[in-house]
Every structure is written in structure tokens, then in C-alpha cells.
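Structure record follows, encoded as C-alpha cells.
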Amino acid sequence: NAGVTQTPKFRVLKTGQSMTLLCAQDMNHEYMYWYRQDPGMGLRLIHYSVGEGTTAKGEVPDGYNVSRLKKQNFLLGLESAAPSQTSVYFCASRQTGTGGPISPQHFGDGTRLSIL
Amino acid sequence: DQQVKQNSPSLSVQEGRISILNCDYTNSMFDYFLWYKKYPAEGPTFLISISSIKDKNEDGRFTVFLNKSAKHLSLHIVPSQPGDSAVYFCAASARSSGSARQLTFGSGTQLTVLP
């Protein structure tokens, strides 16, 4: 029962470097989301996807790109990392509705990213 | 402009007593509300939810109350246990966000249950 798995768990980057965060879910969920959490703040939505091959911007998309080439994977990319992107990043997934109660999002354990 | 606010960053309660965590929202389009619990170094885990067509939802020791006119919801934990010590996030979703049902989170409340 892996659920939502995020890799890596920790990473330190230098300003200007690029990297990709991987999110994988084994629940066959259609919807996937990327959030960032900063001290004293709640989770803020970066990008999301409503299905394979689709992506959309969230509340704080600048400086990030995403791809959903496979249903089970959602990648978050930083092309040129900046110190302001130091944060904890969470991925989540959710199943589609069936007319009943709205299904909750299931979260991974996060990636702690520091940019020097 | 924070649409979901948790004005108490922290709360301490004695074991066995009731914990009440509060959340206020400003967006009248929100129609679905959730509470998540988060332990250090882990992701948030879903706790309980409520639709705007209800004013109360109960699951074991956890009850969520919704007051739409006041745009306020609260989470009651009775009785509180030391294992309940965690950060609690309130989140809201609007039908207007479409099928993706994006969540807007509050800043969280650290609950400490004292033995």
C-alpha cells in the first residue's frame, strides 16, 4: 500500500540549477496536484492535472513546470532554482467523483528542497 | 488575501478534554470543507469533511460543525489523546473550481495534548 510516493525526500540545490521532483501514485487516481508549504503558511497549489496529458496552473505556478505523461506519475520541474523556492513540496492525488461525497486528496510525505 | 484562516497557531489541551479547532473563510463559493492532520516529516492525512448542505458531520471522536452564515467551521475532538498532537489544517473547495476541486488551505493549528 504505497499510495503516493515522492522522490527525492531531500535535496539541496545551488541557485540556477535545475531539477525534477517525481510523484508516483498506485491508486489509479485521475487527479494529481503539486503544493508547496512554507513556514506559517498553509499548502499552496502550484500546478495540477485532471488526467494523463493534461496540466493546469494553480495559485503559485511561476518558476515551475509540470508534466503528466503517464497517469501514475506527475513531475514537477524547476528550470532555474531560486532561493525563494526553498520549501517543502507535497504531491497529492484524488479519484474522480461518482456522484457521491467528494473524495479527499491523498498526500505523499513531501520533498524538502533547499536552494542556496 | 487569505480565503481560509486559522487564527490560532497553537492550542494546548489536557488529555481527556475536548479540543476545539476553528477555521473561518471568506469565499461564499466554498461548498466543501475538509480537515487534515499532519505529523512532522509526513504528508497531511485526511481526517473528516463536510458538505455545505450539512451543518454537522461526526466520525468517532471527531466532529466538524459548519456555520454557513458566519462562514465558520470548527473541529471538535473528544476525548483528546496524546496521539492527536499534530498540526491541523482546514481546507475548502468550491464547485466553481470544476472537477479538479482544488483545495485552499488555512495556515494550520498546532494541537498539543498534554498527558
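Letters A, B, ... mark the chains of the C-alpha cells in the order given; residue numbers begin at 1 per chain; ligand numbers begin at 1, in order shown.
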
Under the rule of at most 7 Å, produce a per-residue listing of chain B near chain A: chain, number, name, the closest pair of atoms, and the distance in Å, as CSV, using only C-alpha atoms.
```
residue,atom,partner,partner_atom,distance
B:Ala41,CA,A:Asp109,CA,6.7
B:Glu42,CA,A:Asp109,CA,4.5
B:Gly43,CA,A:Asp109,CA,4.0
B:Pro44,CA,A:Phe107,CA,6.0
B:Thr45,CA,A:Phe107,CA,6.8
B:Phe46,CA,A:Pro104,CA,6.7
B:Ala100,CA,A:Val50,CA,6.1
B:Phe105,CA,A:Gly42,CA,5.3
B:Gly106,CA,A:Gly42,CA,5.1
B:Ser107,CA,A:Gly42,CA,3.9
B:Gly108,CA,A:Gly42,CA,6.2
```

Output of the above residues as a compact mmCIF listing (two decimals), in the first residue's frame, restricted to N, CA and C atoms:
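This went into part23.txt:
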```
# COMPACT_ATOMS: atom_id res chain seq x y z
N ALA B 41 7.39 15.63 9.33
CA ALA B 41 8.07 14.82 8.32
C ALA B 41 7.13 13.84 7.60
N GLU B 42 5.83 14.08 7.71
CA GLU B 42 4.87 13.28 6.98
C GLU B 42 3.95 14.19 6.18
N GLY B 43 3.23 13.61 5.23
CA GLY B 43 2.26 14.38 4.50
C GLY B 43 0.96 14.52 5.27
N PRO B 44 0.12 15.50 4.90
CA PRO B 44 -1.19 15.61 5.56
C PRO B 44 -2.03 14.37 5.31
N THR B 45 -2.79 13.97 6.31
CA THR B 45 -3.72 12.86 6.15
C THR B 45 -5.14 13.36 6.39
N PHE B 46 -6.03 12.89 5.56
CA PHE B 46 -7.43 13.31 5.64
C PHE B 46 -8.06 12.84 6.94
N ALA B 100 -11.67 19.32 -10.79
CA ALA B 100 -10.41 19.14 -10.05
C ALA B 100 -10.58 19.45 -8.58
N PHE B 105 -6.05 26.03 1.53
CA PHE B 105 -5.73 25.64 2.90
C PHE B 105 -5.58 26.83 3.82
N GLY B 106 -5.93 26.62 5.08
CA GLY B 106 -5.56 27.55 6.13
C GLY B 106 -4.11 27.31 6.52
N SER B 107 -3.61 28.14 7.44
CA SER B 107 -2.20 28.09 7.82
C SER B 107 -1.90 27.04 8.89
N GLY B 108 -2.93 26.43 9.43
CA GLY B 108 -2.74 25.34 10.37
C GLY B 108 -2.75 25.76 11.83
```

Polymer residues at most 12 Å from Lys70 of chain A, only C-alpha atoms, same-chain spacing of 4 or more positions, as a list in words: Leu22, Cys23, Ala24, Gln25, Asp26, Asn28, His29, Glu30, Tyr31, Met32, Ser49, Gly51, Glu52, Gly53, Thr54, Phe74 and Leu75 of chain A

Selection file, C-alpha atoms, as a PDB file, in the first residue's frame:
```pdb
ATOM      1  CA  LEU A  22       8.813  12.887  -9.054  1.00  0.00           C
ATOM      2  CA  CYS A  23       5.410  11.919  -7.722  1.00  0.00           C
ATOM      3  CA  ALA A  24       4.034   8.434  -8.276  1.00  0.00           C
ATOM      4  CA  GLN A  25       0.664   7.063  -7.195  1.00  0.00           C
ATOM      5  CA  ASP A  26      -0.553   3.491  -7.362  1.00  0.00           C
ATOM      6  CA  ASN A  28      -5.226   4.767 -10.376  1.00  0.00           C
ATOM      7  CA  HIS A  29      -6.319   8.297  -9.477  1.00  0.00           C
ATOM      8  CA  GLU A  30      -7.167  10.713 -12.267  1.00  0.00           C
ATOM      9  CA  TYR A  31      -6.326  13.924 -10.453  1.00  0.00           C
ATOM     10  CA  MET A  32      -2.880  14.901  -9.213  1.00  0.00           C
ATOM     11  CA  SER A  49      -3.614  17.662 -13.570  1.00  0.00           C
ATOM     12  CA  GLY A  51      -5.743  13.339 -16.292  1.00  0.00           C
ATOM     13  CA  GLU A  52      -2.890  11.919 -18.339  1.00  0.00           C
ATOM     14  CA  GLY A  53      -1.507  14.502 -20.739  1.00  0.00           C
ATOM     15  CA  THR A  54      -3.213  17.464 -19.026  1.00  0.00           C
ATOM     16  CA  PHE A  74       3.279  13.750 -12.056  1.00  0.00           C
ATOM     17  CA  LEU A  75       6.611  15.557 -12.413  1.00  0.00           C
TER      18      LEU A  75
END
```

Test item, strand (DSSP E or B) assignment across chain B, answer as an MDAnalysis selection string: chainID B and resid 4:5 10:14 19:25 30:38 45:51 56:59 62:67 72:77 86:94 104:105 109:114
